[in-house]
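The data block below is entry-v5.txt; it holds compact mmCIF, C-alpha atoms.
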```
# COMPACT_ATOMS: atom_id res chain seq x y z
CA MET A 1 -30.12 5.66 -35.72
CA ARG A 2 -32.22 3.42 -37.91
CA GLU A 3 -29.35 0.97 -38.20
CA GLU A 4 -28.98 0.49 -34.46
CA LEU A 5 -32.71 -0.03 -34.03
CA ALA A 6 -32.73 -2.54 -36.91
CA ALA A 7 -29.94 -4.38 -35.12
CA GLU A 8 -32.28 -4.98 -32.22
CA ASN A 9 -34.72 -6.67 -34.60
CA LEU A 10 -31.89 -8.87 -35.76
CA LEU A 11 -31.07 -9.64 -32.11
CA ALA A 12 -34.66 -10.72 -31.50
CA ARG A 13 -34.33 -13.11 -34.46
CA VAL A 14 -31.01 -14.43 -33.14
CA ALA A 15 -32.76 -15.11 -29.85
CA GLN A 16 -35.07 -17.36 -31.88
CA HIS A 17 -31.97 -19.12 -33.23
CA ASP A 18 -32.10 -17.54 -36.66
CA VAL A 19 -28.66 -18.21 -38.15
CA ASP A 20 -29.16 -15.70 -40.98
CA ALA A 21 -29.80 -12.93 -38.44
CA LEU A 22 -26.55 -13.73 -36.63
CA SER A 23 -24.76 -13.75 -39.97
CA GLU A 24 -26.14 -10.28 -40.70
CA LEU A 25 -25.16 -8.95 -37.27
CA TYR A 26 -21.69 -10.38 -37.80
CA ASP A 27 -21.32 -8.67 -41.18
CA ARG A 28 -22.42 -5.40 -39.66
CA TYR A 29 -20.35 -5.39 -36.47
CA ALA A 30 -17.41 -7.79 -36.87
CA PRO A 31 -15.14 -5.07 -38.37
CA CYS A 32 -15.50 -2.70 -35.39
CA VAL A 33 -15.23 -5.54 -32.85
CA TYR A 34 -12.24 -7.05 -34.64
CA GLY A 35 -10.58 -3.63 -35.01
CA LEU A 36 -10.86 -3.15 -31.26
CA VAL A 37 -9.53 -6.54 -30.19
CA ALA A 38 -6.76 -6.51 -32.81
CA HIS A 39 -5.69 -3.11 -31.48
CA ILE A 40 -5.54 -4.52 -27.95
CA LEU A 41 -3.86 -7.82 -28.73
CA ALA A 42 -1.97 -6.97 -31.93
CA SER A 43 -2.12 -10.63 -32.89
CA ARG A 44 -4.40 -11.73 -35.67
CA ASP A 45 -4.82 -15.24 -34.27
CA SER A 46 -5.69 -14.04 -30.78
CA ALA A 47 -7.98 -11.31 -32.08
CA GLU A 48 -9.84 -13.74 -34.34
CA GLY A 49 -10.22 -16.14 -31.41
CA ILE A 50 -11.81 -13.42 -29.29
CA LEU A 51 -14.05 -12.34 -32.18
CA LEU A 52 -15.31 -15.89 -32.62
CA GLU A 53 -15.79 -16.34 -28.87
CA VAL A 54 -17.77 -13.12 -28.49
CA PHE A 55 -20.15 -13.82 -31.37
CA ALA A 56 -20.64 -17.40 -30.15
CA ARG A 57 -21.49 -15.97 -26.72
CA LEU A 58 -23.92 -13.56 -28.35
CA TRP A 59 -25.68 -16.56 -29.88
CA ASN A 60 -25.96 -18.18 -26.44
CA GLU A 61 -26.93 -15.03 -24.54
CA SER A 62 -29.12 -13.36 -27.16
CA ARG A 63 -32.36 -14.25 -25.43
CA SER A 64 -31.37 -12.57 -22.14
CA LEU A 65 -29.95 -9.58 -23.97
CA SER A 66 -33.08 -9.18 -26.05
CA GLN A 67 -35.36 -9.51 -23.03
CA GLU A 68 -33.29 -7.02 -21.04
CA GLY A 69 -33.46 -4.50 -23.89
CA GLY A 70 -29.71 -3.81 -23.95
CA SER A 71 -27.95 -2.58 -27.08
CA VAL A 72 -26.46 -5.45 -29.06
CA VAL A 73 -23.52 -3.45 -30.42
CA ALA A 74 -22.73 -2.07 -26.95
CA TRP A 75 -22.81 -5.63 -25.63
CA LEU A 76 -20.42 -6.74 -28.38
CA VAL A 77 -17.96 -3.88 -27.94
CA VAL A 78 -17.87 -3.91 -24.14
CA ASN A 79 -17.60 -7.69 -23.85
CA ALA A 80 -15.05 -7.99 -26.65
CA ARG A 81 -12.85 -5.35 -25.02
CA GLU A 82 -13.14 -7.12 -21.70
CA ALA A 83 -12.28 -10.52 -23.18
CA ALA A 84 -9.29 -9.05 -25.02
CA VAL A 85 -7.86 -7.20 -22.01
CA ASP A 86 -8.38 -10.31 -19.86
CA ARG A 87 -6.28 -12.19 -22.41
CA LEU A 88 -3.68 -9.42 -22.37
CA ARG A 89 -3.50 -9.46 -18.57
CA ALA A 90 -3.06 -13.24 -18.60
CA LEU A 91 -0.27 -12.90 -21.17
CA ARG A 92 1.45 -10.28 -19.04
CA THR A 93 1.23 -12.47 -15.96
CA ASN A 94 2.59 -15.48 -17.83
CA ALA A 95 5.37 -13.42 -19.38
CA ALA A 96 6.28 -11.91 -16.01
CA ASN A 97 6.35 -15.37 -14.40
CA ALA A 98 8.46 -16.73 -17.25
CA GLY A 99 11.08 -14.05 -16.63
CA PRO A 100 12.93 -11.74 -18.98
CA GLN A 101 14.18 -14.57 -21.22
CA ASP A 102 10.66 -15.36 -22.32
CA PRO A 103 9.66 -13.51 -25.44
CA GLY A 104 6.14 -13.06 -24.03
CA THR A 105 4.40 -13.93 -27.23
CA ASP A 106 0.81 -15.00 -27.29
CA GLY A 107 1.49 -18.43 -28.71
CA GLY A 108 -0.38 -17.61 -31.89
CA LYS A 109 1.24 -20.14 -34.18
CA GLY A 110 1.58 -19.08 -37.73
CA SER A 111 0.27 -15.66 -36.89
CA ASN A 112 0.41 -13.20 -39.72
CA ALA A 113 -0.36 -10.47 -37.23
CA PRO A 114 0.07 -6.77 -37.79
CA ALA A 115 3.63 -5.52 -37.77
CA ARG A 116 3.21 -3.88 -34.37
CA LYS A 117 4.29 -6.16 -31.53
CA SER A 118 1.76 -7.46 -29.05
CA LYS A 119 1.37 -5.11 -26.10
CA ALA A 120 1.81 -8.15 -23.90
CA ALA A 121 5.23 -8.61 -25.41
CA VAL A 122 6.31 -5.00 -25.26
CA LEU A 123 5.22 -4.68 -21.66
CA VAL A 124 7.72 -7.29 -20.55
CA PRO A 125 11.14 -5.74 -21.19
CA PRO A 126 12.11 -3.11 -18.60
CA VAL A 127 12.38 -0.44 -21.23
CA ALA A 128 11.15 3.08 -20.64
CA LYS A 129 8.20 4.71 -22.29
CA SER A 130 7.78 4.95 -25.99
CA ALA A 131 5.37 5.88 -28.66
CA ALA A 132 3.24 3.95 -31.04
CA LYS A 133 -0.45 4.56 -31.44
CA SER A 134 -3.09 6.29 -29.39
CA LEU A 135 -6.79 6.47 -28.84
CA ASN A 136 -7.10 8.05 -32.23
CA GLY A 137 -4.67 5.75 -33.92
CA LYS A 138 -1.55 7.67 -32.89
CA SER A 139 -1.10 6.03 -29.59
CA GLU A 140 1.68 5.20 -27.24
CA VAL A 141 2.48 1.75 -26.02
CA MET A 142 3.88 1.35 -22.58
CA LYS A 143 7.10 -0.60 -22.62
CA ARG A 144 7.79 -0.88 -18.96
CA ARG A 145 6.49 -3.83 -17.02
CA PRO A 146 4.74 -2.81 -13.81
CA ALA A 147 7.23 -3.48 -11.03
CA ASP A 148 4.80 -3.68 -8.15
CA GLY A 149 3.13 -6.88 -9.32
CA ALA A 150 -0.20 -5.30 -8.50
CA THR A 151 -3.21 -7.40 -9.21
CA THR A 152 -5.47 -5.83 -11.76
CA PRO A 153 -9.09 -5.58 -10.74
CA VAL A 154 -11.30 -7.42 -13.16
CA VAL A 155 -14.95 -6.58 -13.47
CA GLY A 156 -16.08 -9.80 -15.13
CA SER A 157 -18.91 -9.91 -17.65
CA LEU A 158 -20.98 -6.79 -17.67
CA PRO A 159 -24.42 -7.47 -16.15
CA MET A 160 -27.16 -7.07 -18.77
CA ALA A 161 -28.88 -4.42 -16.64
CA TRP A 162 -25.81 -2.20 -16.95
CA LEU A 163 -25.91 -2.09 -20.74
CA PRO A 164 -26.89 1.11 -22.53
CA ARG A 165 -30.22 1.09 -24.34
CA PRO A 166 -30.34 0.96 -28.17
CA LYS A 167 -31.69 4.52 -28.47
CA GLU A 168 -28.77 5.90 -26.46
CA ILE A 169 -26.27 4.01 -28.61
CA ALA A 170 -28.03 5.20 -31.76
CA LEU A 171 -27.53 8.81 -30.61
CA ILE A 172 -23.86 8.11 -29.99
CA ASP A 173 -23.36 6.33 -33.33
CA ASP A 174 -24.75 9.36 -35.16
CA ARG A 175 -22.07 11.52 -33.51
CA LEU A 176 -19.18 9.09 -33.16
CA VAL A 177 -16.79 10.96 -35.46
CA LEU A 178 -17.31 14.17 -33.50
CA LEU A 179 -16.86 12.31 -30.20
CA HIS A 180 -13.55 10.90 -31.36
CA LYS A 181 -12.41 14.40 -32.32
CA VAL A 182 -13.29 15.38 -28.77
CA ILE A 183 -11.07 12.61 -27.39
CA ASP A 184 -8.27 13.88 -29.58
CA ARG A 185 -8.48 17.20 -27.76
CA LEU A 186 -7.49 15.64 -24.45
CA PRO A 187 -4.13 16.81 -23.12
CA LYS A 188 -1.47 14.26 -24.05
CA PRO A 189 -0.75 12.87 -20.55
CA GLN A 190 -4.46 12.30 -19.99
CA ARG A 191 -4.94 10.66 -23.38
CA GLN A 192 -1.93 8.47 -22.76
CA ALA A 193 -3.18 7.31 -19.36
CA LEU A 194 -6.63 6.66 -20.80
CA GLU A 195 -5.12 4.68 -23.66
CA PHE A 196 -3.31 2.40 -21.20
CA ALA A 197 -6.54 1.79 -19.32
CA VAL A 198 -8.77 1.24 -22.39
CA PHE A 199 -6.42 -0.71 -24.66
CA GLY A 200 -3.80 -1.93 -22.21
CA GLY A 201 -6.16 -3.13 -19.49
CA LEU A 202 -3.91 -1.54 -16.89
CA SER A 203 -4.95 -0.34 -13.46
CA GLU A 204 -4.17 3.12 -12.11
CA SER A 205 -1.19 1.85 -10.13
CA GLU A 206 0.18 -0.12 -13.10
CA ILE A 207 -0.12 2.94 -15.32
CA ALA A 208 1.64 5.07 -12.71
CA THR A 209 4.48 2.55 -12.47
CA GLY A 210 4.74 2.23 -16.22
CA MET A 211 4.75 5.97 -16.83
CA GLY A 212 7.10 6.61 -13.92
CA GLU A 213 4.62 9.09 -12.44
CA PRO A 214 3.17 9.36 -8.93
CA LEU A 215 -0.06 7.40 -8.48
CA GLY A 216 -1.93 10.53 -7.38
CA LYS A 217 -1.00 12.35 -10.57
CA VAL A 218 -2.06 9.47 -12.82
CA ARG A 219 -5.29 9.01 -10.88
CA THR A 220 -6.10 12.70 -11.34
CA SER A 221 -5.26 12.53 -15.07
CA LEU A 222 -7.44 9.48 -15.62
CA ARG A 223 -10.39 10.91 -13.75
CA ALA A 224 -10.08 14.22 -15.55
CA ALA A 225 -9.94 12.38 -18.89
CA VAL A 226 -13.06 10.29 -18.33
CA THR A 227 -14.93 13.28 -16.91
CA PHE A 228 -13.99 15.30 -20.00
CA VAL A 229 -15.18 12.56 -22.35
CA LYS A 230 -18.36 11.98 -20.34
CA HIS A 231 -19.29 15.68 -20.27
CA ARG A 232 -18.56 16.14 -23.96
CA ARG A 233 -20.55 13.01 -24.80
CA ARG A 234 -23.53 14.39 -22.89
CA ALA A 235 -23.19 17.68 -24.70
CA VAL A 236 -22.69 16.18 -28.16
CA CYS A 237 -25.59 13.76 -27.73
CA GLY A 238 -27.84 16.48 -26.39
CA THR A 239 -28.42 14.76 -23.08
CA TRP A 240 -26.84 17.63 -21.19
CA ALA A 241 -26.55 21.31 -21.98
CA ALA A 242 -22.90 22.23 -22.13
CA ASN A 243 -20.55 23.92 -24.52
CA ILE A 244 -17.94 21.80 -26.23
CA MET B 1 -23.73 5.46 2.22
CA GLY B 2 -24.13 8.26 -0.33
CA CYS B 3 -23.00 8.07 -3.93
CA GLN B 4 -21.16 11.36 -4.29
CA HIS B 5 -17.72 9.89 -3.71
CA LEU B 6 -18.34 7.27 -6.43
CA GLU B 7 -19.12 9.82 -9.13
CA GLU B 8 -15.68 9.70 -10.74
CA LEU B 9 -15.31 5.94 -10.52
CA TYR B 10 -17.95 4.38 -12.77
CA GLU B 11 -16.09 4.56 -16.09
CA LEU B 12 -12.76 3.54 -14.58
CA TYR B 13 -14.45 0.72 -12.73
CA LEU B 14 -15.87 -0.67 -15.97
CA LEU B 15 -12.43 -0.36 -17.54
CA GLY B 16 -10.95 -2.33 -14.62
CA ALA B 17 -8.62 0.56 -13.80
CA VAL B 18 -9.77 1.36 -10.27
CA SER B 19 -7.90 0.15 -7.21
CA GLU B 20 -9.32 -2.85 -5.39
CA GLU B 21 -10.56 -0.59 -2.59
CA GLY B 22 -12.47 1.69 -4.96
CA SER B 23 -13.92 -1.30 -6.81
CA LEU B 24 -15.13 -2.84 -3.57
CA ASP B 25 -16.91 0.36 -2.51
CA LEU B 26 -18.66 0.58 -5.86
CA ARG B 27 -19.56 -3.11 -6.03
CA GLU B 28 -21.05 -3.05 -2.53
CA HIS B 29 -23.01 0.08 -3.32
CA LEU B 30 -24.36 -1.31 -6.61
CA ALA B 31 -25.29 -4.56 -4.89
CA ARG B 32 -27.65 -2.53 -2.71
CA GLY B 33 -29.57 -1.59 -5.89
CA CYS B 34 -29.00 2.17 -5.92
CA PRO B 35 -31.05 3.44 -8.93
CA HIS B 36 -28.87 6.52 -9.37
CA CYS B 37 -25.75 4.40 -9.64
CA LEU B 38 -27.42 1.94 -11.99
CA GLY B 39 -28.17 4.86 -14.32
CA ARG B 40 -24.62 6.14 -13.98
CA VAL B 41 -23.12 2.71 -14.68
CA ARG B 42 -25.20 2.48 -17.84
CA GLU B 43 -23.98 5.89 -18.82
CA ALA B 44 -20.41 4.86 -18.04
CA ALA B 45 -20.85 1.87 -20.34
CA GLU B 46 -21.75 4.35 -23.11
CA THR B 47 -18.45 6.12 -22.51
CA VAL B 48 -16.56 2.81 -22.59
CA TYR B 49 -18.33 2.08 -25.89
CA VAL B 50 -17.19 5.41 -27.34
CA LEU B 51 -13.62 4.84 -26.16
CA GLY B 52 -13.51 1.27 -27.49
CA LEU B 53 -14.61 2.39 -30.93
CA ALA B 54 -11.73 4.86 -31.13
CA SER B 55 -9.76 1.98 -32.66
CA LYS B 56 -10.00 1.64 -36.42
CA PRO B 57 -12.32 -1.05 -37.84
CA ALA B 58 -10.54 -3.94 -39.54
CA ARG B 59 -11.74 -6.79 -41.68
CA PRO B 60 -11.32 -10.24 -40.10
CA HIS B 61 -10.42 -13.24 -42.23
CA PRO B 62 -13.53 -14.89 -43.75
CA ARG B 63 -12.63 -18.17 -42.02
CA VAL B 64 -13.79 -16.67 -38.69
CA LYS B 65 -17.32 -16.25 -39.95
CA SER B 66 -17.28 -19.72 -41.51
CA GLU B 67 -16.13 -21.18 -38.21
CA LEU B 68 -18.79 -19.26 -36.28
CA LEU B 69 -21.57 -20.44 -38.57
CA ARG B 70 -20.24 -23.98 -38.41
CA LEU B 71 -20.24 -23.87 -34.61
CA ILE B 72 -23.77 -22.54 -34.23
CA SER B 73 -25.19 -24.69 -37.00
CA ARG B 74 -24.06 -27.72 -35.01
CA LYS B 75 -26.09 -26.38 -32.08
CA VAL B 76 -29.29 -25.78 -34.03
CA ALA B 77 -29.11 -28.89 -36.19
CA PRO B 78 -30.75 -31.30 -33.65
CA ASN B 79 -33.78 -29.00 -33.42
CA ARG B 80 -34.40 -28.98 -37.13
```
Represent the structure of the file as structure tokens.
Amino acid sequence: MREELAAENLLARVAQHDVDALSELYDRYAPCVYGLVAHILASRDSAEGILLEVFARLWNESRSLSQEGGSVVAWLVVNAREAAVDRLRALRTNAANAGPQDPGTDGGKGSNAPARKSKAAVLVPPVAKSAAKSLNGKSEVMKRRPADGATTPVVGSLPMAWLPRPKEIALIDDRLVLLHKVIDRLPKPQRQALEFAVFGGLSESEIATGMGEPLGKVRTSLRAAVTFVKHRRRAVCGTWAANI
Amino acid sequence: MGCQHLEELYELYLLGAVSEEGSLDLREHLARGCPHCLGRVREAAETVYVLGLASKPARPHPRVKSELLRLISRKVAPNR
């Protein structure tokens, strides 16, 4: 908990344009932010671009964030995920427009990316479902391109007022390992659907198309999954009395 | 309009997974400044945070930090 609260002191210094404070925040949080965006994009070049962009934005928006009292690490994680899935959605659209001949790569020249293919690339071929890695590192990657061409709703940058407070994030950080074990207990279809939403940036209808399941079933799975995680988070963090 | 029907949507809305119709309902409701929903959206952002961190941390190449510091140093230099 102390670490998260110290991060807010660093944020206040960043808001005063203290380069050393930004450097310290970067050292502390770049690995978790980079791990997230690299998992989404599976391209080192693209992931590094997003990482740079998000920390540069933090520098520019630190004053508002500090004044609003939002958690700096929550800001980083939520905005980095959003930037990465926006990139992924753009790649999917471009790849779909280019047709099946296009390899659907992200254009990352000289990329020495992880061995796993970009999700943008694997979403293009009309192949059925398959498995790769999940929310806990054992997930599945959807290989079927959504056929309905549905537009994906995009939230845009999260308003500062919507950000969790540092104390709430500190509670979560203290129990993160347990919370991830909780996620691992989700039934497989729910975990799979959630994975596609969190790391694939897919909408309910796109997930349904990709999984070859009725929309109603996928919608129910997704809602059950987030409700499960939400209730367990409340219980684990002591903000709600419930058995886990 | 009440908020009950939005209860299951906050997390999925933040993830961008809700249909356009559901998103519109929620956006319109939030724009009216509902304090309950503001609290729930903040809570939903906590869940998104937990889910996002389910990916394993990884070490970026040091050149990213160098580039970041180079970029921001250019911005602060005129003030020094």
Looking at only C-alpha atoms, which of B:Arg70, B:Arg63, B:Arg42, B:Lys75 is the one that sits closest to chain A? B:Arg42
Considering only C-alpha atoms, state which residue in the set A:Glu24, A:Glu168, A:Glu213, A:Glu82 is at the smallest distance from Gly16 in chain B. A:Glu82
Among B:Pro57, B:His5, B:Leu30, B:Leu71, chain A is approached most closely, using only C-alpha atoms, by B:Pro57
Considering only C-alpha atoms, tabulate each residue of chain B that lies at most 9 Å from chain A along with its nearest interatomic pair and the corresponding distance in Å to one decimal; arrange the rows by chain and ascending residue number and present them as CSV.
```
residue,atom,partner,partner_atom,distance
B:Glu8,CA,A:Arg223,CA,6.2
B:Leu9,CA,A:Arg223,CA,7.7
B:Glu11,CA,A:Val226,CA,6.9
B:Leu12,CA,A:Val226,CA,7.7
B:Tyr13,CA,A:Val155,CA,7.4
B:Leu14,CA,A:Val155,CA,6.5
B:Leu15,CA,A:Val198,CA,6.3
B:Gly16,CA,A:Val154,CA,5.3
B:Ala17,CA,A:Ser203,CA,3.8
B:Val18,CA,A:Ser203,CA,6.0
B:Ser19,CA,A:Pro153,CA,6.8
B:Glu20,CA,A:Pro153,CA,6.0
B:Ser23,CA,A:Pro153,CA,7.6
B:Leu38,CA,A:Trp162,CA,6.7
B:Gly39,CA,A:Trp162,CA,7.9
B:Arg40,CA,A:Trp162,CA,8.9
B:Val41,CA,A:Trp162,CA,6.0
B:Arg42,CA,A:Trp162,CA,4.8
B:Glu43,CA,A:Pro164,CA,6.7
B:Ala44,CA,A:Lys230,CA,7.8
B:Ala45,CA,A:Leu163,CA,6.4
B:Glu46,CA,A:Pro164,CA,6.1
B:Thr47,CA,A:Lys230,CA,6.2
B:Val48,CA,A:Val78,CA,7.0
B:Tyr49,CA,A:Ala74,CA,6.1
B:Val50,CA,A:Leu176,CA,7.2
B:Leu51,CA,A:Val198,CA,7.1
B:Gly52,CA,A:Leu36,CA,6.4
B:Leu53,CA,A:Leu36,CA,6.7
B:Ala54,CA,A:Leu135,CA,5.7
B:Ser55,CA,A:Leu36,CA,5.4
B:Lys56,CA,A:Gly35,CA,5.5
B:Pro57,CA,A:Gly35,CA,4.2
B:Ala58,CA,A:Gly35,CA,4.5
B:Arg59,CA,A:Pro31,CA,5.0
B:Pro60,CA,A:Tyr34,CA,6.4
B:His61,CA,A:Glu48,CA,7.9
B:Val64,CA,A:Leu52,CA,6.3
B:Lys65,CA,A:Leu52,CA,7.6
B:Glu67,CA,A:Leu52,CA,7.7
B:Leu68,CA,A:Leu52,CA,6.1
B:Leu69,CA,A:Val19,CA,7.4
B:Leu71,CA,A:Ala56,CA,7.9
B:Ile72,CA,A:Ala56,CA,7.3
B:Ser73,CA,A:Val19,CA,7.4
B:Val76,CA,A:His17,CA,7.2
```
Grab the CA of Glu8 in chain A to CA of Glu61 in chain A distance for me, in Å with one decimal place.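 Distance between the two atoms: 13.7 Å.
Between CA of Gly210 in chain A and CA of Ala96 in chain A the interatomic distance comes to 14.2 Å.
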Could you work out how far CA of Lys167 in chain A lies from CA of Leu10 in chain A, giving the answer in Å with one decimal?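 CA of Lys167 in chain A lies at a distance of 15.2 Å from CA of Leu10 in chain A.
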